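Colleague: So that you have it, the file is run_14.cif, and it contains mmCIF, C-alpha atoms:
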data_structure
#
loop_
_atom_site.label_atom_id
_atom_site.label_comp_id
_atom_site.auth_asym_id
_atom_site.auth_seq_id
_atom_site.Cartn_x
_atom_site.Cartn_y
_atom_site.Cartn_z
CA MET P 1 -41.83 18.12 6.36
CA THR P 2 -39.68 21.02 7.57
CA CYS P 3 -36.78 22.52 5.62
CA GLU P 4 -34.35 21.00 8.14
CA GLU P 5 -35.80 17.52 7.57
CA ALA P 6 -35.73 18.06 3.82
CA LYS P 7 -32.05 18.99 3.93
CA ASN P 8 -31.21 15.77 5.74
CA ARG P 9 -32.94 13.79 3.01
CA MET P 10 -31.38 15.50 0.02
CA THR P 11 -28.44 13.15 -0.35
CA ASP P 12 -30.82 10.18 -0.20
CA TYR P 13 -32.96 11.89 -2.82
CA TRP P 14 -30.00 12.38 -5.16
CA SER P 15 -28.80 8.84 -4.52
CA LEU P 16 -32.31 7.46 -5.17
CA THR P 17 -32.37 5.76 -1.78
CA LEU P 18 -35.47 7.45 -0.38
CA GLY P 19 -38.43 5.17 0.35
CA ALA P 20 -41.65 5.76 -1.61
CA ALA P 21 -43.47 7.51 1.26
CA GLU P 22 -40.47 9.69 2.15
CA ARG P 23 -39.98 10.59 -1.48
CA GLU P 24 -43.59 11.67 -1.74
CA ASP P 25 -43.26 13.86 1.39
CA PHE P 26 -40.01 15.27 0.10
CA THR P 27 -41.36 16.22 -3.34
CA ALA P 28 -44.44 17.71 -1.71
CA HIS P 29 -42.15 19.90 0.40
CA LEU P 30 -40.17 20.96 -2.66
CA ALA P 31 -43.36 21.98 -4.43
CA SER P 32 -44.08 24.42 -1.62
CA CYS P 33 -40.54 25.63 -0.76
CA GLU P 34 -38.53 27.59 -3.28
CA ALA P 35 -35.35 27.68 -1.15
CA CYS P 36 -35.19 23.88 -0.87
CA ARG P 37 -36.08 23.51 -4.54
CA SER P 38 -33.16 25.76 -5.42
CA ASP P 39 -30.84 23.77 -3.10
CA VAL P 40 -31.88 20.47 -4.64
CA SER P 41 -31.27 21.73 -8.12
CA ARG P 42 -28.02 23.63 -7.51
CA ILE P 43 -26.27 21.37 -5.00
CA GLY P 44 -27.72 18.30 -6.72
CA ALA P 45 -25.87 19.24 -9.91
CA LEU P 46 -22.64 19.36 -7.91
CA TRP P 47 -23.46 16.03 -6.25
CA GLN P 48 -23.96 14.44 -9.66
CA GLY P 49 -20.87 16.23 -11.00
CA LEU P 50 -18.70 14.34 -8.53
CA ASP P 51 -19.42 11.27 -10.62
CA LEU P 52 -17.41 12.80 -13.46
CA LEU P 53 -14.18 12.97 -11.48
CA PRO P 54 -11.76 10.33 -12.77
CA LEU P 55 -11.20 7.25 -10.64
CA GLU P 56 -7.65 6.67 -9.46
CA GLU P 57 -6.29 3.20 -10.18
CA PRO P 58 -3.62 1.56 -8.01
CA SER P 59 -0.45 0.28 -9.69
CA GLY P 60 0.12 -3.44 -10.22
CA GLN P 61 2.60 -3.44 -7.35
CA VAL P 62 -0.24 -3.27 -4.85
CA ARG P 63 -1.52 -6.67 -5.91
CA GLU P 64 1.99 -8.13 -6.16
CA ARG P 65 2.93 -6.94 -2.67
CA PHE P 66 -0.34 -8.16 -1.20
CA TYR P 67 0.11 -11.71 -2.48
CA GLU P 68 3.70 -11.77 -1.29
CA MET P 69 2.60 -10.61 2.14
CA LEU P 70 -0.23 -13.16 2.24
CA GLY P 71 2.16 -15.95 1.21
CA ALA P 72 4.69 -15.01 3.89
CA TYR P 73 1.95 -14.73 6.49
CA ARG P 74 0.50 -18.14 5.62
CA GLN P 75 3.95 -19.66 5.75
CA GLY P 76 4.55 -18.14 9.18
CA LEU P 77 1.14 -19.30 10.33
CA ALA P 78 1.76 -22.85 9.12
CA SER P 79 5.04 -22.98 11.04
CA ALA P 80 3.38 -21.54 14.13
CA GLU P 81 0.47 -24.00 13.99
CA ALA P 82 2.90 -26.90 14.01
CA ARG P 83 3.79 -25.78 17.55
CA PRO P 84 0.74 -24.82 19.61
CA VAL P 85 1.91 -22.09 22.06
CA ARG P 86 3.03 -19.43 19.65
CA ARG P 87 0.45 -16.73 19.32
CA TRP P 88 2.67 -14.20 21.02
CA TRP P 89 5.22 -14.76 18.26
CA THR P 90 3.45 -12.26 16.09
CA MET P 91 5.07 -9.53 18.23
CA PRO P 92 8.60 -8.82 16.95
CA ALA P 93 9.95 -7.89 20.40
CA TRP P 94 8.86 -11.25 21.79
CA GLN P 95 10.21 -13.02 18.75
CA MET P 96 13.64 -11.49 19.22
CA ALA P 97 13.71 -12.08 22.96
CA ALA P 98 12.54 -15.66 22.59
CA ALA P 99 15.07 -16.33 19.84
CA ALA P 100 17.88 -15.03 22.05
CA VAL P 101 16.74 -17.13 25.03
CA LEU P 102 16.40 -20.26 22.95
CA LEU P 103 19.76 -19.68 21.35
CA ALA P 104 21.38 -19.36 24.78
CA ALA P 105 19.53 -22.45 25.99
CA GLY P 106 20.62 -24.35 22.90
CA LEU P 107 24.23 -23.35 23.41
CA GLY P 108 24.03 -24.31 27.10
CA ILE P 109 22.59 -27.71 26.38
CA GLY P 110 25.07 -28.21 23.58
CA TYR P 111 27.94 -27.35 25.92
CA GLY P 112 26.62 -29.75 28.59
CA ALA P 113 26.12 -32.53 26.15
CA ARG P 114 29.46 -32.19 24.33
CA GLY P 115 31.52 -35.31 24.04
CA ASN P 116 28.54 -37.63 23.80
CA GLY P 117 29.16 -38.36 20.15
CA GLN P 118 25.64 -38.12 18.66
CA PRO P 119 23.78 -34.87 19.54
CA PRO P 120 20.64 -35.60 21.54
CA ALA P 121 17.27 -35.24 19.77
CA GLU P 122 16.35 -32.26 22.03
CA ILE P 123 19.30 -30.30 20.70
CA SER P 124 18.33 -30.94 17.09
CA GLN P 125 14.80 -29.89 17.91
CA LEU P 126 16.03 -26.71 19.59
CA ARG P 127 18.17 -25.91 16.57
CA GLU P 128 15.14 -26.28 14.33
CA GLU P 129 13.11 -24.08 16.67
CA VAL P 130 15.75 -21.36 16.62
CA ALA P 131 16.10 -21.49 12.83
CA SER P 132 12.34 -21.33 12.37
CA MET P 133 12.03 -18.44 14.78
CA ARG P 134 14.77 -16.48 13.07
CA GLN P 135 12.97 -16.97 9.79
CA LEU P 136 9.71 -15.71 11.29
CA VAL P 137 11.38 -12.68 12.84
CA ALA P 138 13.06 -11.75 9.56
CA LEU P 139 9.88 -12.21 7.49
CA SER P 140 7.70 -10.40 9.97
CA LEU P 141 10.02 -7.41 10.30
CA MET P 142 10.44 -7.08 6.54
CA GLN P 143 6.66 -6.60 6.25
CA GLN P 144 6.53 -3.70 8.70
CA GLN P 145 5.55 -0.21 7.62
CA SER P 146 8.45 1.47 9.35
CA ALA P 147 11.68 1.55 7.33
CA SER P 148 13.80 1.00 10.44
CA GLU P 149 11.83 -2.16 11.27
CA ARG P 150 12.29 -3.41 7.72
CA LEU P 151 15.99 -2.66 8.03
CA LYS P 152 16.08 -4.82 11.18
CA GLY P 153 14.30 -7.57 9.21
CA VAL P 154 17.02 -7.42 6.54
CA SER P 155 19.68 -7.72 9.28
CA TRP P 156 17.91 -10.74 10.72
CA SER P 157 18.07 -12.44 7.33
CA TYR P 158 21.82 -12.98 7.91
CA GLN P 159 20.91 -15.37 10.70
CA VAL P 160 18.85 -17.77 8.57
CA GLU P 161 20.23 -20.63 6.52
CA PRO P 162 21.35 -19.45 3.06
CA SER P 163 19.08 -22.14 1.59
CA ASP P 164 15.98 -20.49 3.10
CA THR P 165 13.95 -19.64 0.00
CA GLU P 166 11.21 -17.84 1.95
CA VAL P 167 13.60 -15.27 3.34
CA LEU P 168 15.39 -15.02 0.00
CA ASN P 169 12.08 -14.24 -1.73
CA ALA P 170 11.30 -11.58 0.86
CA LEU P 171 14.74 -10.02 0.28
CA VAL P 172 14.25 -10.07 -3.49
CA THR P 173 10.92 -8.28 -3.06
CA THR P 174 12.60 -5.72 -0.82
CA VAL P 175 15.37 -5.09 -3.36
CA ARG P 176 12.78 -4.61 -6.11
CA HIS P 177 10.03 -2.67 -4.38
CA ASP P 178 11.02 -1.18 -1.06
CA PRO P 179 10.49 2.60 -1.24
CA ASN P 180 13.39 3.31 1.11
CA VAL P 181 16.91 3.52 -0.40
CA ASN P 182 18.65 2.38 2.81
CA VAL P 183 16.48 -0.70 3.07
CA ARG P 184 17.07 -1.59 -0.58
CA LEU P 185 20.80 -1.07 -0.14
CA ALA P 186 20.90 -3.32 2.92
CA ALA P 187 18.83 -5.94 1.11
CA VAL P 188 21.28 -6.01 -1.82
CA ASP P 189 24.11 -6.78 0.61
CA ALA P 190 21.99 -9.35 2.41
CA LEU P 191 21.59 -11.32 -0.84
CA ARG P 192 25.31 -12.20 -0.80
CA PRO P 193 25.14 -15.26 1.49
CA PHE P 194 22.42 -16.73 -0.71
CA THR P 195 24.70 -16.76 -3.78
CA GLY P 196 26.85 -19.35 -1.99
CA SER P 197 24.06 -21.89 -1.53
CA PRO P 198 23.41 -24.49 -4.25
CA VAL P 199 19.67 -24.18 -3.52
CA THR P 200 19.32 -20.44 -3.83
CA HIS P 201 22.30 -19.09 -5.78
CA LEU P 202 20.45 -18.89 -9.13
CA THR P 203 17.48 -16.98 -7.68
CA ALA P 204 19.80 -14.60 -5.85
CA ARG P 205 21.96 -13.94 -8.93
CA ASN P 206 18.92 -13.40 -11.16
CA ALA P 207 17.43 -11.04 -8.60
CA VAL P 208 20.51 -8.82 -8.77
CA VAL P 209 20.57 -8.88 -12.58
CA GLN P 210 16.86 -7.99 -12.79
CA ALA P 211 17.02 -5.29 -10.14
CA LEU P 212 19.65 -3.18 -11.90
CA PRO P 213 17.55 -1.88 -14.85
CA LYS P 214 14.74 -0.86 -12.50
CA GLU P 215 16.87 0.81 -9.86
CA THR P 216 16.88 4.61 -9.86
CA SER P 217 19.06 5.43 -6.87
CA PRO P 218 22.74 5.85 -7.89
CA ILE P 219 24.02 4.46 -4.59
CA VAL P 220 21.95 1.26 -4.93
CA GLN P 221 22.92 1.04 -8.61
CA VAL P 222 26.60 1.09 -7.61
CA ALA P 223 25.99 -1.58 -4.96
CA LEU P 224 24.27 -3.79 -7.54
CA ILE P 225 27.07 -3.24 -10.07
CA ASP P 226 29.73 -4.16 -7.48
CA PHE P 227 27.80 -7.29 -6.63
CA LEU P 228 27.48 -8.27 -10.31
CA ALA P 229 31.20 -7.68 -10.87
CA GLU P 230 31.98 -9.82 -7.86
CA LEU P 231 29.78 -12.60 -9.26
CA LYS P 232 31.23 -12.08 -12.77
CA GLU P 233 27.63 -12.26 -13.93
CA ARG P 234 27.81 -12.09 -17.72
CA ASN P 235 24.02 -11.86 -18.11
CA ALA P 236 24.30 -8.34 -16.74
CA ALA P 237 26.70 -7.20 -19.49
CA PRO P 238 23.99 -5.72 -21.82
CA GLU P 239 22.54 -3.63 -19.00
CA LEU P 240 26.01 -2.50 -17.91
CA ARG P 241 26.80 -1.45 -21.50
CA ARG P 242 23.54 0.49 -21.61
CA LEU P 243 24.50 2.32 -18.43
CA VAL P 244 27.92 3.14 -19.84
CA SER P 245 26.42 4.65 -22.99
CA ASP P 246 23.54 6.50 -21.34
CA PRO P 247 24.51 10.19 -20.93
CA ASP P 248 21.66 10.79 -18.45
CA ILE P 249 23.03 8.30 -15.94
CA ASP P 250 24.96 9.54 -12.92
CA VAL P 251 28.66 9.78 -13.84
CA GLY P 252 29.70 7.68 -10.81
CA VAL P 253 27.36 4.91 -11.90
CA ARG P 254 28.64 5.10 -15.48
CA ASN P 255 32.27 4.79 -14.35
CA ARG P 256 31.42 1.90 -12.06
CA ALA P 257 29.59 0.08 -14.86
CA GLU P 258 32.61 0.56 -17.12
CA TRP P 259 34.89 -0.81 -14.39
CA ALA P 260 32.58 -3.81 -13.89
CA LEU P 261 32.58 -4.62 -17.61
CA GLU P 262 36.39 -4.56 -17.66
CA ARG P 263 36.53 -6.81 -14.63
CA MET P 264 34.18 -9.33 -16.20
CA GLN P 265 36.33 -9.73 -19.31
CA MET L 1 -14.42 -12.34 6.29
CA ALA L 2 -16.00 -14.91 8.59
CA GLU L 3 -13.85 -17.58 6.86
CA VAL L 4 -10.68 -15.49 7.23
CA SER L 5 -11.54 -14.93 10.87
CA ALA L 6 -11.97 -18.68 11.31
CA GLY L 7 -8.42 -19.28 10.06
CA GLN L 8 -8.82 -19.61 6.29
CA VAL L 9 -6.47 -16.72 5.63
CA ALA L 10 -6.20 -17.50 1.90
CA GLN L 11 -9.76 -16.19 1.59
CA LEU L 12 -8.39 -12.73 2.27
CA ALA L 13 -7.49 -12.67 -1.43
CA VAL L 14 -11.21 -12.53 -2.26
CA LEU L 15 -11.69 -9.52 0.02
CA PHE L 16 -8.57 -7.89 -1.39
CA GLU L 17 -9.80 -8.22 -4.97
CA ARG L 18 -13.20 -6.83 -3.97
CA HIS L 19 -12.08 -3.86 -1.90
CA HIS L 20 -8.51 -2.79 -2.62
CA ARG L 21 -9.36 -0.30 -5.37
CA ALA L 22 -12.01 1.45 -3.29
CA LEU L 23 -9.65 1.53 -0.35
CA PHE L 24 -6.88 2.96 -2.51
CA ARG L 25 -9.22 5.70 -3.78
CA TYR L 26 -10.24 6.52 -0.22
CA PHE L 27 -6.61 7.03 0.79
CA VAL L 28 -5.79 9.01 -2.37
CA SER L 29 -8.80 11.25 -1.75
CA MET L 30 -7.73 11.81 1.82
CA SER L 31 -4.01 12.35 1.28
CA GLY L 32 -3.55 13.09 -2.42
CA HIS L 33 -0.50 10.83 -2.49
CA ARG L 34 -0.62 7.67 -4.57
CA GLU L 35 2.45 5.97 -3.11
CA ALA L 36 1.37 6.59 0.45
CA ALA L 37 -2.10 5.31 -0.47
CA GLU L 38 -0.62 2.09 -1.86
CA ASP L 39 1.40 1.55 1.33
CA LEU L 40 -1.70 2.14 3.40
CA VAL L 41 -3.75 -0.37 1.41
CA GLN L 42 -1.04 -2.93 2.15
CA ASP L 43 -1.05 -1.96 5.80
CA VAL L 44 -4.84 -2.29 6.07
CA PHE L 45 -4.84 -5.84 4.72
CA PHE L 46 -1.95 -6.76 7.00
CA ARG L 47 -3.93 -5.39 9.97
CA ILE L 48 -7.02 -7.31 8.85
CA LEU L 49 -4.94 -10.49 9.01
CA ARG L 50 -3.44 -9.59 12.33
CA TYR L 51 -6.71 -8.63 13.99
CA ARG L 52 -8.93 -11.10 12.14
CA THR L 53 -10.09 -12.82 15.30
CA SER L 54 -11.51 -9.55 16.64
CA TYR L 55 -13.94 -9.28 13.71
CA ASN L 56 -17.56 -9.70 14.71
CA PRO L 57 -19.50 -11.41 11.88
CA ALA L 58 -22.63 -9.50 12.92
CA GLN L 59 -20.80 -6.28 11.98
CA SER L 60 -20.56 -4.92 8.44
CA PHE L 61 -17.18 -5.91 6.99
CA THR L 62 -16.96 -2.66 5.01
CA ALA L 63 -17.48 -0.58 8.15
CA TRP L 64 -14.89 -2.64 10.04
CA MET L 65 -12.39 -2.32 7.21
CA TYR L 66 -12.78 1.47 7.05
CA GLN L 67 -12.33 1.71 10.81
CA ILE L 68 -9.00 -0.07 10.33
CA ALA L 69 -8.23 2.19 7.37
CA ARG L 70 -8.83 5.33 9.42
CA ASN L 71 -6.55 4.04 12.19
CA ALA L 72 -3.86 3.17 9.65
CA GLY L 73 -4.11 6.67 8.18
CA VAL L 74 -3.86 8.29 11.61
CA ASP L 75 -0.84 6.13 12.50
CA GLN L 76 0.91 7.12 9.30
CA VAL L 77 0.36 10.81 9.93
CA ARG L 78 1.74 10.36 13.48
CA LYS L 79 4.82 8.58 12.17
CA GLN L 80 5.48 11.27 9.60
CA GLY L 81 4.91 14.01 12.16
CA ALA L 82 2.93 16.15 9.79
CA VAL L 83 -0.44 16.11 8.11
CA GLN L 84 -0.20 15.47 4.40
CA VAL L 85 -2.14 17.88 2.31
CA VAL L 86 -3.72 17.35 -1.04
CA ASP L 87 -1.38 18.28 -3.83
CA ILE L 88 -3.35 20.79 -5.85
CA ASP L 89 -0.79 20.81 -8.64
CA THR L 90 -1.35 17.11 -9.10
CA PHE L 91 -5.02 17.78 -9.57
CA ALA L 92 -4.27 20.44 -12.13
CA GLU L 93 -1.96 18.08 -14.03
CA ARG L 94 -4.74 15.57 -14.25
CA ARG L 95 -7.06 18.05 -15.85
CA ALA L 96 -6.33 16.72 -19.30
CA GLU L 97 -7.39 13.26 -18.22
CA LEU L 98 -10.76 14.51 -17.08
CA VAL L 99 -11.99 15.14 -20.57
CA SER L 100 -13.96 12.27 -22.00
CA ALA L 101 -15.86 11.73 -25.23
CA SER L 102 -17.85 14.94 -25.50
CA PRO L 103 -18.91 16.53 -28.79
CA GLY L 104 -16.33 19.28 -29.36
CA PRO L 105 -12.90 20.36 -28.15
CA GLU L 106 -14.19 23.63 -26.62
CA GLU L 107 -16.79 21.83 -24.61
CA ASN L 108 -14.19 19.29 -23.55
CA ALA L 109 -11.80 21.97 -22.37
CA SER L 110 -14.51 23.82 -20.47
CA ARG L 111 -15.75 20.65 -18.82
CA GLY L 112 -12.19 19.65 -17.96
CA GLN L 113 -11.62 23.00 -16.29
CA ASP L 114 -14.85 22.73 -14.32
CA LEU L 115 -13.87 19.29 -13.08
CA ALA L 116 -10.40 20.51 -12.20
CA LEU L 117 -12.01 23.24 -10.10
CA LEU L 118 -14.30 20.67 -8.52
CA ARG L 119 -11.33 18.54 -7.65
CA ARG L 120 -9.48 21.52 -6.22
CA ALA L 121 -12.54 22.32 -4.16
CA MET L 122 -12.52 18.74 -2.81
CA GLY L 123 -8.87 19.21 -1.87
CA GLN L 124 -9.66 22.39 0.02
CA LEU L 125 -12.50 20.88 2.06
CA PRO L 126 -11.67 20.35 5.74
CA GLU L 127 -10.56 16.77 6.32
CA ASP L 128 -13.66 15.64 8.24
CA LYS L 129 -15.99 16.97 5.55
CA ARG L 130 -13.90 15.47 2.76
CA GLU L 131 -13.87 12.12 4.48
CA ILE L 132 -17.62 11.88 4.94
CA LEU L 133 -18.20 12.96 1.36
CA VAL L 134 -15.70 10.39 0.07
CA LEU L 135 -17.30 7.60 2.10
CA SER L 136 -20.80 8.57 1.08
CA ARG L 137 -20.36 9.68 -2.52
CA PHE L 138 -17.29 7.85 -3.85
CA GLN L 139 -17.33 4.71 -1.73
CA ARG L 140 -21.12 4.65 -1.90
CA MET L 141 -21.35 3.45 1.67
CA LYS L 142 -24.68 3.22 3.44
CA HIS L 143 -25.34 5.85 6.09
CA GLU L 144 -25.55 3.03 8.65
CA ASP L 145 -22.03 1.83 7.77
CA ILE L 146 -20.63 5.36 7.82
CA ALA L 147 -22.19 5.84 11.26
CA GLU L 148 -20.39 2.70 12.43
CA VAL L 149 -17.06 3.87 11.01
CA LEU L 150 -17.34 7.34 12.51
CA GLY L 151 -18.96 6.22 15.74
CA CYS L 152 -22.04 8.44 15.49
CA GLU L 153 -25.78 8.23 14.84
CA VAL L 154 -27.22 7.69 11.36
CA GLY L 155 -29.07 11.01 11.66
CA THR L 156 -25.78 12.78 12.39
CA VAL L 157 -24.24 11.23 9.27
CA LYS L 158 -27.07 12.63 7.11
CA VAL L 159 -26.62 16.09 8.57
CA ARG L 160 -22.86 15.96 8.13
CA VAL L 161 -23.06 14.74 4.51
CA TYR L 162 -25.39 17.62 3.70
CA ARG L 163 -23.09 20.12 5.41
CA ALA L 164 -20.10 18.70 3.56
CA ILE L 165 -21.69 19.06 0.12
CA ARG L 166 -22.82 22.59 1.06
CA ALA L 167 -19.26 23.45 2.07
CA LEU L 168 -17.98 21.96 -1.19
CA GLU L 169 -20.44 24.08 -3.13
CA GLN L 170 -19.23 27.27 -1.43
CA ILE L 171 -15.57 26.49 -2.11
CA TYR L 172 -16.30 25.46 -5.69
CA PHE L 173 -18.21 28.63 -6.54
CA ALA L 174 -15.55 30.76 -4.85
CA LEU L 175 -12.97 29.11 -7.13
CA VAL L 176 -15.18 29.63 -10.19
CA LYS L 177 -15.56 33.31 -9.27
CA GLU L 178 -11.83 33.66 -8.77
CA LYS L 179 -11.19 32.11 -12.16
CA VAL L 180 -13.69 34.38 -13.93
CA GLU L 181 -12.11 37.46 -12.34
CA LYS L 182 -8.64 36.35 -13.40
CA GLU L 183 -9.85 35.87 -16.96
CA LYS L 184 -11.36 39.36 -16.95
CA VAL L 185 -8.06 40.90 -15.81
CA SER L 186 -6.08 39.05 -18.44
#
What would you get if you wrote out this structure as structure tokens?

Modeller:
Amino acid sequence: MTCEEAKNRMTDYWSLTLGAAEREDFTAHLASCEACRSDVSRIGALWQGLDLLPLEEPSGQVRERFYEMLGAYRQGLASAEARPVRRWWTMPAWQMAAAAVLLAAGLGIGYGARGNGQPPAEISQLREEVASMRQLVALSLMQQQSASERLKGVSWSYQVEPSDTEVLNALVTTVRHDPNVNVRLAAVDALRPFTGSPVTHLTARNAVVQALPKETSPIVQVALIDFLAELKERNAAPELRRLVSDPDIDVGVRNRAEWALERMQ
Amino acid sequence: MAEVSAGQVAQLAVLFERHHRALFRYFVSMSGHREAAEDLVQDVFFRILRYRTSYNPAQSFTAWMYQIARNAGVDQVRKQGAVQVVDIDTFAERRAELVSASPGPEENASRGQDLALLRRAMGQLPEDKREILVLSRFQRMKHEDIAEVLGCEVGTVKVRVYRAIRALEQIYFALVKEKVEKEKVS
């Protein structure tokens, strides 16, 4: 065995992955080569030392976000499978274009069919298609890596029914975990329509109450406080009082919390 | 993965539980940023879902996943318009955490400092060398899988791993020397 060959086997030697015959050749070479012996000992210590470096652990949010993403994806897939020709829907640009075309077609058919009393079954079906597509567009965009795409997703959420729990859940996740302040801010505003639906109002209200203690951006904090004041949400009073009495909180946030408490009384 | 590829997307949870920590550590080792690493883990699993039908069951899943991970990392760097560097200060801050149950406080401190230097040396390695060392040493990937990820021969992987650990050694001992000289001056 040459020194060059020995060098290429060193990492296998340290990792104990050399075969018996190779190991024998390797150790025979070491016995006769001081330079390689020195390499094995010196660099080997460093190789083993890498084991002592601490292992980084991801936060719990990674798991939470993954399962939310998987749930939304499965939901989208289930809707898509109900209608066979939809594989191109996974592309947001196509989703938006198709939604616009279907909306126009739906309006056209609706206009042509007006005055017939009962809406034809095709129109109801088209309405369902449009609603389902809007939901998919919103959910898909809110999962994107780019903040501007997620912002578009939040805007699309205004076009779904306020009783749409899937989109509401995605918005709640965005308010709680999105790393971008603008996206979080937009998502807080986008929760408003959901507080008017008997199906989703409780989830939406609770989401706002629970988001406030975790929020760190003053501008989003103020948006949440305004929303809570508007809702007259008494469950938020303890957190608002905490903000008022916390000297480390931004003065604008403190004043807004004080104002909200007065308004709730 | 074959089941996910066949449409049973819920099975992705099994792959996530098995691989997400290793994937996270790969991204942290490459970028030094925990939050970015968490976003990238999410992105990788989203891409796995999206491209699941392109997976070839004859291929190693780990190799395929790290190919996706590399692409996700490259895309992120492109989007940000700048290469993220390893935050050396972060490494230094973690020095205290490096010390484990050793006999005495002096030995602990010395070992902690050595490991901090080792970690700094890892951070100063050129990206290609750091990557191959991370895949080989920390992710414990087979040379065959690394070859598939990097698109090269197994023999080339062995040569490159050796060169990477040699380069790490040189940086590490340069840092040790620098530290000894500083101590002498002070």

Colleague: Check which residues of chain L sit at most 9 Å from chain P using only C-alpha atoms, and return one row each with the closest pair of atoms and their distance in Å to one decimal, ordered by chain and rising number, as a Markdown table.

Modeller:
| residue | atom | partner | partner_atom | distance |
| --- | --- | --- | --- | --- |
| L:Val9 | CA | P:Arg74 | CA | 7.1 |
| L:Ala10 | CA | P:Leu70 | CA | 7.4 |
| L:Leu12 | CA | P:Leu70 | CA | 8.2 |
| L:Ala13 | CA | P:Tyr67 | CA | 7.7 |
| L:Phe16 | CA | P:Phe66 | CA | 8.2 |
| L:Glu17 | CA | P:Arg63 | CA | 8.5 |
| L:His20 | CA | P:Pro58 | CA | 8.5 |
| L:Arg21 | CA | P:Pro58 | CA | 6.6 |
| L:Phe24 | CA | P:Pro58 | CA | 6.5 |
| L:Arg25 | CA | P:Glu56 | CA | 6.0 |
| L:Val28 | CA | P:Glu56 | CA | 7.7 |
| L:Arg34 | CA | P:Pro58 | CA | 7.6 |
| L:Glu35 | CA | P:Pro179 | CA | 8.9 |
| L:Ala37 | CA | P:Pro58 | CA | 8.6 |
| L:Glu38 | CA | P:Val62 | CA | 6.1 |
| L:Asp39 | CA | P:Gln145 | CA | 7.7 |
| L:Leu40 | CA | P:Gln145 | CA | 8.7 |
| L:Val41 | CA | P:Val62 | CA | 7.7 |
| L:Gln42 | CA | P:Phe66 | CA | 6.3 |
| L:Asp43 | CA | P:Gln145 | CA | 7.1 |
| L:Phe45 | CA | P:Phe66 | CA | 7.8 |
| L:Phe46 | CA | P:Met69 | CA | 7.7 |
| L:Leu49 | CA | P:Tyr73 | CA | 8.5 |
| L:Arg50 | CA | P:Thr90 | CA | 8.3 |
| L:Gln76 | CA | P:Gln145 | CA | 8.8 |
| L:Lys79 | CA | P:Ser146 | CA | 8.5 |
| L:Arg94 | CA | P:Pro54 | CA | 8.9 |
| L:Glu97 | CA | P:Pro54 | CA | 7.6 |
| L:Leu98 | CA | P:Pro54 | CA | 6.1 |
| L:Leu115 | CA | P:Leu53 | CA | 6.5 |
| L:Ala116 | CA | P:Leu53 | CA | 8.5 |
| L:Leu118 | CA | P:Leu50 | CA | 7.7 |
| L:Arg119 | CA | P:Leu53 | CA | 7.3 |
| L:Arg137 | CA | P:Leu50 | CA | 7.8 |
| L:Phe138 | CA | P:Asp51 | CA | 7.9 |
| L:Gly155 | CA | P:Asn8 | CA | 7.9 |
| L:Lys158 | CA | P:Asn8 | CA | 5.4 |
| L:Val159 | CA | P:Asn8 | CA | 5.4 |
| L:Arg160 | CA | P:Asn8 | CA | 8.7 |
| L:Val161 | CA | P:Thr11 | CA | 7.4 |
| L:Tyr162 | CA | P:Asn8 | CA | 6.4 |
| L:Ile165 | CA | P:Ile43 | CA | 7.2 |
| L:Arg166 | CA | P:Ile43 | CA | 7.1 |
| L:Leu168 | CA | P:Leu46 | CA | 8.6 |
| L:Glu169 | CA | P:Ile43 | CA | 6.7 |

Colleague: Calculate how many Å separate CA of Gln221 in chain P from CA of Gly32 in chain L, rounding to one decimal.

Modeller: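 Answer for the CA of Gln221 in chain P to CA of Gly32 in chain L separation: 29.7 Å.
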
Colleague: Quote the spacing between CA of Ala138 in chain P and CA of Ser197 in chain P in Å to one decimal place.

Modeller: 18.6 Å

Colleague: Exactly which residues make up the result of the PyMOL selection byres ((chain P and resi 172) around 8) on this file, given as a VMD selection string?

Modeller: chain P and resid 168 to 171 173 to 176 187 191 204 207

Colleague: I need the residues from that last selection saved to file as a PDB file, keeping the file's coordinate frame (with C-alpha atoms), if you can.

Modeller:
ATOM      1  CA  LEU P 168      15.390 -15.020   0.000  1.00  0.00           C
ATOM      2  CA  ASN P 169      12.080 -14.240  -1.730  1.00  0.00           C
ATOM      3  CA  ALA P 170      11.300 -11.580   0.860  1.00  0.00           C
ATOM      4  CA  LEU P 171      14.740 -10.020   0.280  1.00  0.00           C
ATOM      5  CA  THR P 173      10.920  -8.280  -3.060  1.00  0.00           C
ATOM      6  CA  THR P 174      12.600  -5.720  -0.820  1.00  0.00           C
ATOM      7  CA  VAL P 175      15.370  -5.090  -3.360  1.00  0.00           C
ATOM      8  CA  ARG P 176      12.780  -4.610  -6.110  1.00  0.00           C
ATOM      9  CA  ALA P 187      18.830  -5.940   1.110  1.00  0.00           C
ATOM     10  CA  LEU P 191      21.590 -11.320  -0.840  1.00  0.00           C
ATOM     11  CA  ALA P 204      19.800 -14.600  -5.850  1.00  0.00           C
ATOM     12  CA  ALA P 207      17.430 -11.040  -8.600  1.00  0.00           C
TER      13      ALA P 207
END

Colleague: With all atoms listed in the file as the basis for distance, which of P:Met264, P:Ala72, P:Leu16, P:Ala211 is at the shortest distance from Met142 in chain P?

Modeller: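 Looking at the shortest contact to Met142 in chain P, the residue is P:Ala72.
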
Colleague: Neighbours of Glu131 in chain L within 12 Å (all atoms listed in the file; same-chain residues fewer than 6 positions away dropped), as a list in words?

Modeller: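 Selected residues are Arg25, Tyr26, Phe27, Val28, Ser29, Met30, Ser31, Tyr66, Ala69, Arg70, Gly73, Met122, Gly123, Gln124, Leu125, Arg137, Phe138, Gln139, Met141, Ile146, Val149, Leu150, Val157, Arg160, Val161, Ala164 and Ile165 of chain L.
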